[in-house]
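Q: Please find model32.csv (CSV, C-alpha atoms and all ligand atoms) on the next line:
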chain,number,residue,atom,x,y,z
A,1,MET,CA,69.8,48.5,-100.9
A,2,ALA,CA,71.5,45.3,-102.1
A,3,ARG,CA,71.0,42.8,-99.4
A,4,GLU,CA,72.1,39.2,-99.2
A,5,GLN,CA,71.2,36.6,-96.6
A,6,LEU,CA,73.0,33.4,-95.9
A,7,ASN,CA,72.4,30.9,-93.2
A,8,SER,CA,74.5,28.3,-91.4
A,9,ALA,CA,73.7,26.5,-88.1
A,10,ALA,CA,75.7,29.0,-86.0
A,11,TYR,CA,74.8,32.3,-87.7
A,12,SER,CA,72.7,34.1,-90.3
A,13,TRP,CA,74.6,36.5,-92.6
A,14,HIS,CA,72.9,39.8,-93.5
A,15,ALA,CA,74.9,41.8,-96.1
A,16,PHE,CA,74.2,45.3,-97.2
A,17,ALA,CA,75.7,47.5,-99.9
A,18,GLU,CA,75.6,50.6,-97.7
A,19,ARG,CA,76.5,51.1,-94.1
A,20,GLN,CA,73.6,53.4,-93.6
A,21,ASP,CA,71.2,50.7,-94.8
A,22,LEU,CA,72.8,48.2,-92.4
A,23,ALA,CA,72.4,50.7,-89.5
A,24,ALA,CA,68.7,51.3,-90.3
A,25,ALA,CA,68.0,47.5,-90.6
A,26,LEU,CA,69.8,46.6,-87.4
A,27,ALA,CA,68.2,49.4,-85.5
A,28,GLY,CA,64.8,48.2,-86.7
A,29,HIS,CA,65.5,44.6,-85.5
A,30,VAL,CA,66.8,45.9,-82.1
A,31,ALA,CA,63.9,48.3,-81.6
A,32,GLY,CA,61.5,45.4,-82.4
A,33,ARG,CA,63.1,43.1,-79.8
A,34,LEU,CA,63.1,45.8,-77.1
A,35,THR,CA,59.4,46.5,-77.8
A,36,ASN,CA,58.6,42.8,-77.5
A,37,ALA,CA,60.5,42.6,-74.2
A,38,ILE,CA,58.7,45.6,-72.8
A,39,ALA,CA,55.3,44.1,-73.8
A,40,GLU,CA,56.3,40.7,-72.2
A,41,ARG,CA,58.0,41.8,-69.0
A,42,GLY,CA,57.6,45.5,-68.7
A,43,THR,CA,61.3,46.3,-69.1
A,44,ALA,CA,64.1,45.6,-71.6
A,45,LEU,CA,67.8,45.1,-71.2
A,46,LEU,CA,70.2,46.0,-74.0
A,47,ALA,CA,74.0,45.6,-74.1
A,48,VAL,CA,75.9,47.4,-76.9
A,49,SER,CA,79.6,47.5,-78.0
A,50,GLY,CA,81.9,50.4,-78.4
A,51,GLY,CA,84.9,51.1,-80.6
A,52,THR,CA,84.2,53.0,-83.8
A,53,THR,CA,81.7,50.9,-85.8
A,54,PRO,CA,78.4,51.4,-83.9
A,55,ALA,CA,78.1,55.2,-84.3
A,56,ILE,CA,75.7,55.3,-87.3
A,57,PHE,CA,73.7,52.4,-85.9
A,58,PHE,CA,73.4,54.2,-82.6
A,59,ALA,CA,72.1,57.3,-84.4
A,60,SER,CA,69.5,55.3,-86.2
A,61,LEU,CA,68.4,53.5,-83.1
A,62,SER,CA,68.2,56.6,-81.0
A,63,SER,CA,65.5,58.1,-83.2
A,64,ILE,CA,63.1,55.2,-83.1
A,65,PRO,CA,60.1,56.0,-80.8
A,66,ILE,CA,59.9,53.1,-78.4
A,67,ALA,CA,59.2,53.2,-74.6
A,68,TRP,CA,62.9,54.1,-73.9
A,69,ASN,CA,62.0,55.0,-70.3
A,70,LYS,CA,61.6,51.2,-69.8
A,71,VAL,CA,64.9,50.3,-71.4
A,72,THR,CA,68.2,49.8,-69.5
A,73,VAL,CA,71.3,50.2,-71.7
A,74,THR,CA,74.7,48.8,-70.6
A,75,LEU,CA,78.0,47.9,-72.4
A,76,VAL,CA,79.3,44.7,-73.6
A,77,ASP,CA,82.8,45.9,-72.7
A,78,GLU,CA,84.7,49.0,-71.6
A,79,ARG,CA,88.2,50.4,-71.5
A,80,CYS,CA,89.2,51.6,-68.0
A,81,VAL,CA,89.4,55.2,-68.9
A,82,PRO,CA,87.3,58.2,-67.8
A,83,ALA,CA,84.1,58.8,-69.7
A,84,SER,CA,85.6,62.0,-71.1
A,85,SER,CA,88.3,60.0,-72.9
A,86,PRO,CA,87.9,59.5,-76.7
A,87,ARG,CA,88.6,55.8,-76.0
A,88,SER,CA,85.6,55.5,-73.6
A,89,ASN,CA,82.8,53.2,-74.9
A,90,ALA,CA,80.4,54.9,-72.4
A,91,GLY,CA,81.4,58.3,-74.0
A,92,LEU,CA,80.5,56.9,-77.5
A,93,VAL,CA,77.1,55.7,-76.2
A,94,ALA,CA,76.3,59.0,-74.5
A,95,ALA,CA,77.2,61.0,-77.6
A,96,ASN,CA,75.4,58.8,-80.2
A,97,LEU,CA,72.8,56.5,-78.6
A,98,LEU,CA,71.5,58.3,-75.5
A,99,GLN,CA,70.1,61.1,-77.7
A,100,ASN,CA,66.7,61.9,-79.3
A,101,ALA,CA,64.0,59.5,-78.1
A,102,ALA,CA,66.6,57.2,-76.5
A,103,ALA,CA,67.7,60.0,-74.1
A,104,ALA,CA,65.0,58.6,-71.8
A,105,ALA,CA,66.8,55.3,-71.4
A,106,ARG,CA,68.7,54.4,-68.2
A,107,PHE,CA,72.4,53.8,-68.8
A,108,VAL,CA,74.4,51.6,-66.5
A,109,PRO,CA,78.2,51.9,-67.2
A,110,LEU,CA,80.6,49.0,-66.6
A,111,TYR,CA,83.4,51.2,-65.4
A,112,GLN,CA,83.5,54.0,-62.9
A,113,GLU,CA,86.8,55.6,-61.6
A,114,ALA,CA,87.8,54.0,-58.3
A,115,ALA,CA,90.9,53.4,-56.3
A,116,SER,CA,91.6,50.1,-58.0
A,117,ILE,CA,90.2,47.8,-60.7
A,118,GLY,CA,89.3,45.5,-57.8
A,119,ASP,CA,87.1,48.2,-56.2
A,120,THR,CA,85.6,49.0,-59.7
A,121,LEU,CA,84.8,45.4,-60.3
A,122,GLU,CA,83.1,44.9,-56.9
A,123,ALA,CA,80.9,48.0,-57.3
A,124,ASP,CA,80.1,47.2,-60.9
A,125,SER,CA,79.3,43.6,-60.2
A,126,ARG,CA,76.8,44.7,-57.4
A,127,MET,CA,75.1,47.2,-59.7
A,128,LEU,CA,75.1,44.9,-62.7
A,129,ARG,CA,73.7,41.9,-60.8
A,130,SER,CA,70.6,44.0,-60.0
A,131,LEU,CA,69.8,44.5,-63.6
A,132,PRO,CA,66.8,42.7,-65.2
A,133,TRP,CA,68.6,39.7,-66.6
A,134,PRO,CA,68.7,38.0,-69.1
A,135,LEU,CA,69.8,40.4,-71.8
A,136,ASP,CA,67.1,40.9,-74.4
A,137,VAL,CA,69.5,42.2,-77.0
A,138,VAL,CA,73.3,42.1,-77.4
A,139,VAL,CA,75.1,43.8,-80.3
A,140,LEU,CA,78.7,42.7,-80.5
A,141,GLY,CA,81.5,44.2,-82.6
A,142,MET,CA,84.7,42.4,-83.7
A,143,GLY,CA,88.3,43.4,-84.3
A,144,ALA,CA,90.3,42.2,-87.2
A,145,ASP,CA,92.2,40.0,-84.7
A,146,GLY,CA,89.0,38.0,-84.0
A,147,HIS,CA,88.3,39.6,-80.6
A,148,THR,CA,84.8,40.4,-79.6
A,149,ALA,CA,83.6,42.1,-76.4
A,150,SER,CA,87.0,42.4,-74.7
A,151,PHE,CA,87.8,38.7,-75.3
A,152,PHE,CA,91.3,39.4,-76.7
A,153,PRO,CA,93.2,36.4,-78.1
A,154,ASP,CA,96.2,37.3,-75.9
A,155,ALA,CA,94.3,37.9,-72.7
A,156,ASP,CA,96.0,36.3,-69.7
A,157,ASN,CA,92.6,34.9,-68.4
A,158,LEU,CA,91.1,34.0,-71.8
A,159,GLU,CA,90.0,30.6,-70.6
A,160,LYS,CA,88.0,32.2,-67.7
A,161,LEU,CA,86.6,34.9,-70.1
A,162,LEU,CA,85.3,32.2,-72.5
A,163,ASP,CA,83.8,29.9,-69.8
A,164,PRO,CA,80.2,29.5,-70.9
A,165,PHE,CA,79.2,28.4,-67.4
A,166,SER,CA,80.8,31.3,-65.5
A,167,GLU,CA,78.7,32.8,-62.7
A,168,ARG,CA,80.4,36.2,-63.2
A,169,VAL,CA,78.6,39.2,-64.7
A,170,VAL,CA,81.7,41.2,-65.5
A,171,LEU,CA,85.4,40.2,-65.6
A,172,PRO,CA,88.6,42.2,-65.8
A,173,VAL,CA,90.8,41.8,-68.9
A,174,HIS,CA,94.5,42.3,-69.2
A,175,ALA,CA,95.9,41.9,-72.7
A,176,ALA,CA,99.0,43.5,-74.3
A,177,SER,CA,97.0,44.1,-77.5
A,178,ALA,CA,94.1,45.8,-75.7
A,179,GLY,CA,95.8,49.1,-75.0
A,180,GLU,CA,94.5,49.6,-71.5
A,181,PRO,CA,92.9,47.4,-68.8
A,182,ARG,CA,89.4,46.4,-69.6
A,183,LEU,CA,86.1,45.2,-68.2
A,184,THR,CA,83.9,42.8,-70.1
A,185,LEU,CA,80.6,41.1,-69.7
A,186,SER,CA,81.1,37.4,-69.3
A,187,LEU,CA,80.5,35.1,-72.3
A,188,ALA,CA,77.9,33.3,-70.2
A,189,ARG,CA,75.8,36.4,-69.9
A,190,ILE,CA,76.3,37.4,-73.6
A,191,VAL,CA,75.3,34.0,-75.1
A,192,ARG,CA,72.0,33.8,-73.2
A,193,ALA,CA,70.7,37.0,-74.9
A,194,GLY,CA,67.3,36.7,-76.6
A,195,PHE,CA,68.7,38.4,-79.7
A,196,LEU,CA,72.5,38.3,-80.3
A,197,ALA,CA,73.8,40.3,-83.3
A,198,LEU,CA,77.3,40.9,-84.6
A,199,HIS,CA,77.9,44.2,-86.4
A,200,ILE,CA,81.0,44.3,-88.6
A,201,GLU,CA,82.0,46.5,-91.5
A,202,GLY,CA,84.8,46.3,-94.1
A,203,GLU,CA,86.5,43.6,-96.2
A,204,ASP,CA,89.1,43.0,-93.5
A,205,LYS,CA,86.5,42.1,-91.0
A,206,ARG,CA,84.5,39.9,-93.4
A,207,LYS,CA,87.7,38.0,-94.1
A,208,ALA,CA,88.6,37.8,-90.4
A,209,PHE,CA,85.1,36.5,-89.6
A,210,GLU,CA,85.2,33.9,-92.4
A,211,SER,CA,88.7,32.8,-91.3
A,212,ALA,CA,87.6,32.4,-87.7
A,213,MET,CA,84.6,30.3,-88.8
A,214,GLY,CA,86.9,28.0,-90.8
A,215,SER,CA,90.0,28.0,-88.7
A,216,GLU,CA,91.3,25.3,-86.5
A,217,THR,CA,92.6,27.9,-84.0
A,218,ARG,CA,89.6,29.0,-82.0
A,219,LYS,CA,89.4,32.8,-82.1
A,220,PRO,CA,87.2,34.4,-79.4
A,221,ILE,CA,84.5,35.3,-81.9
A,222,ARG,CA,84.2,31.6,-82.8
A,223,ALA,CA,83.9,30.7,-79.1
A,224,VAL,CA,80.9,33.0,-78.8
A,225,LEU,CA,79.2,31.6,-81.9
A,226,ASP,CA,79.8,28.0,-80.6
A,227,ALA,CA,78.4,28.8,-77.2
A,228,ALA,CA,75.4,30.9,-78.3
A,229,GLU,CA,72.0,29.5,-77.5
A,230,ARG,CA,70.6,30.6,-80.9
A,231,PRO,CA,72.1,31.5,-84.2
A,232,VAL,CA,74.0,34.8,-84.2
A,233,GLU,CA,72.6,37.5,-86.6
A,234,VAL,CA,75.7,38.9,-88.4
A,235,PHE,CA,75.2,42.3,-90.1
A,236,TRP,CA,77.9,43.3,-92.6
A,237,ALA,CA,78.5,46.1,-95.1
A,238,PRO,CA,81.7,46.8,-97.1
A,301,LIG,O1,88.0,47.6,-78.5
A,301,LIG,C1,86.9,47.4,-78.9
A,301,LIG,O2,86.9,46.9,-80.2
A,301,LIG,C2,85.7,46.2,-80.8
A,301,LIG,C3,85.8,46.5,-82.3
A,301,LIG,O3,85.9,48.0,-82.4
A,301,LIG,P1,85.8,48.7,-83.8
A,301,LIG,O4,86.5,50.1,-83.5
A,301,LIG,O5,86.7,47.9,-84.8
A,301,LIG,O6,84.4,48.8,-84.3
A,301,LIG,C4,84.5,46.7,-80.1
A,301,LIG,O7,83.4,45.8,-80.5
A,301,LIG,C5,84.6,46.7,-78.6
A,301,LIG,O8,83.4,47.1,-77.9
A,301,LIG,C6,85.7,47.7,-78.2
A,301,LIG,O9,85.9,47.8,-76.8
Have the structure of the file written as structure tokens, please.
Ligand SMILES: O=C1O[C@H](COP(=O)(O)O)[C@@H](O)[C@H](O)[C@H]1O

A:
Amino acid sequence: MAREQLNSAAYSWHAFAERQDLAAALAGHVAGRLTNAIAERGTALLAVSGGTTPAIFFASLSSIPIAWNKVTVTLVDERCVPASSPRSNAGLVAANLLQNAAAAARFVPLYQEAASIGDTLEADSRMLRSLPWPLDVVVLGMGADGHTASFFPDADNLEKLLDPFSERVVLPVHAASAGEPRLTLSLARIVRAGFLALHIEGEDKRKAFESAMGSETRKPIRAVLDAAERPVEVFWAP
């Protein structure tokens, strides 16, 4: 396991030679944070990302024996598709994270099929507001375009999405590059997490991250790092 660690004010960089090693290390950190939260307040709140990257990490985390019956899992963002769709982030979590020991966790989805996205948003907001905030752990992903959560650079409400003082829990997203309408946790909820990790893999994402950190154009991932209350832990493998 070759591992490299770099630090800047906004983030710590954890690099691994193998994706499996990254998954095990990140799962260990997350399980430790959840365990501490349960010891401190009797419950823990975890928000995870979807897409393709988290599957191996989810499998590692699902096997760690913590008090999963005291953990609530939700999503950082969701595509407005049925849970049976291969594009559903909830589907990815059900198949890979809510397994083994973690099958005892409570899962609260962002999206449920409803007459309109407005109805969905109202119902989700009610349910999500009742969760034990703040988030103990958030694991973000990132696209090569610099989007994270569903903060797409071309979203028509990007300014609202990236408002660090927003009172909203969840927001709708419409962006041509996103594929379908989305729901996302607000940046304000994400950046207050006790432990905020970014999980990225591949050279294209390393370059995209570095470019976002140096660039004058403020990509969404940069906005999250700038607003975060503590340094973001970045986990990367080729
Ligand atoms: O659309 C999404 O993309 C990002 C990155 O996904 P990946 O497939 O490149 O890993 C993900 O973090 C987000 O949750 C998802 O909705």

Q: Residues of chain A that have any atom at most 6 Å from an atom of ligand LIG 301 (chain A): could you tabulate them with the shortest-distance atom pair and the distance in Å to one decimal, using all atoms listed in the file, ordered by chain and increasing number, as CSV?

A:
residue,atom,partner,partner_atom,distance
A:Ser49,CA,A:LIG301,O8,3.8
A:Gly50,CA,A:LIG301,O8,3.7
A:Gly51,CA,A:LIG301,O4,3.5
A:Thr52,CA,A:LIG301,O4,3.7
A:Thr53,CA,A:LIG301,O6,3.7
A:Asp77,CA,A:LIG301,O8,5.4
A:Glu78,CA,A:LIG301,O9,5.5
A:Leu140,CA,A:LIG301,O7,5.6
A:Gly141,CA,A:LIG301,O7,3.3
A:Met142,CA,A:LIG301,C3,4.5
A:Gly143,CA,A:LIG301,C3,4.5
A:Thr148,CA,A:LIG301,O7,5.7
A:Ala149,CA,A:LIG301,C5,5.2
A:Ser150,CA,A:LIG301,O9,5.9

Q: Compile the contact shell of range 165-168 of chain A as a ChimeraX atom specification: residues with an atom at most 8 Å away, counting all atoms listed in the file, same-chain residues fewer than 2 positions apart removed.

A: /A:160,163,170-171,186-188

Q: Just write the chosen residues, C-alpha atoms, as a PDB file, in the frame of the given file.

A:
ATOM      1  CA  LYS A 160      88.000  32.200 -67.700  1.00  0.00           C
ATOM      2  CA  ASP A 163      83.800  29.900 -69.800  1.00  0.00           C
ATOM      3  CA  VAL A 170      81.700  41.200 -65.500  1.00  0.00           C
ATOM      4  CA  LEU A 171      85.400  40.200 -65.600  1.00  0.00           C
ATOM      5  CA  SER A 186      81.100  37.400 -69.300  1.00  0.00           C
ATOM      6  CA  LEU A 187      80.500  35.100 -72.300  1.00  0.00           C
ATOM      7  CA  ALA A 188      77.900  33.300 -70.200  1.00  0.00           C
TER       8      ALA A 188
END

Q: Excluding Ser84 in chain A and its own-chain neighbours fewer than 3 positions away, which residues fall within 12 Å of it when counting all atoms listed in the file? Please give them as a PyMOL selection string.

A: chain A and resi 79-81+87-95+112-113

Q: How would the residues just picked look written out with C-alpha atoms as a short mmCIF file (atom, residue, chain, number, x, y, z; two decimals), keeping the file's coordinate frame?

A:
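out03.cif was written with the following content:
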data_model
loop_
_atom_site.label_atom_id
_atom_site.label_comp_id
_atom_site.auth_asym_id
_atom_site.auth_seq_id
_atom_site.Cartn_x
_atom_site.Cartn_y
_atom_site.Cartn_z
CA ARG A 79 88.20 50.40 -71.50
CA CYS A 80 89.20 51.60 -68.00
CA VAL A 81 89.40 55.20 -68.90
CA ARG A 87 88.60 55.80 -76.00
CA SER A 88 85.60 55.50 -73.60
CA ASN A 89 82.80 53.20 -74.90
CA ALA A 90 80.40 54.90 -72.40
CA GLY A 91 81.40 58.30 -74.00
CA LEU A 92 80.50 56.90 -77.50
CA VAL A 93 77.10 55.70 -76.20
CA ALA A 94 76.30 59.00 -74.50
CA ALA A 95 77.20 61.00 -77.60
CA GLN A 112 83.50 54.00 -62.90
CA GLU A 113 86.80 55.60 -61.60
#

Q: Step by step: start from the point (77.5, 49.5, -68.8) in the file's coordinates, keep every protein, DNA or RNA residue that has an atom no farther than 10 Å from it, count only C-alpha atoms, and write the set as a ChimeraX atom specification.

A: /A:46-49,72-78,89-90,93,107-112,124,127-128,170,183-185

Q: Using only C-alpha atoms, which residues sit within 9 Å of Ala102 in chain A once same-chain residues fewer than 5 positions away are excluded, as a count of residues only?

A: 11
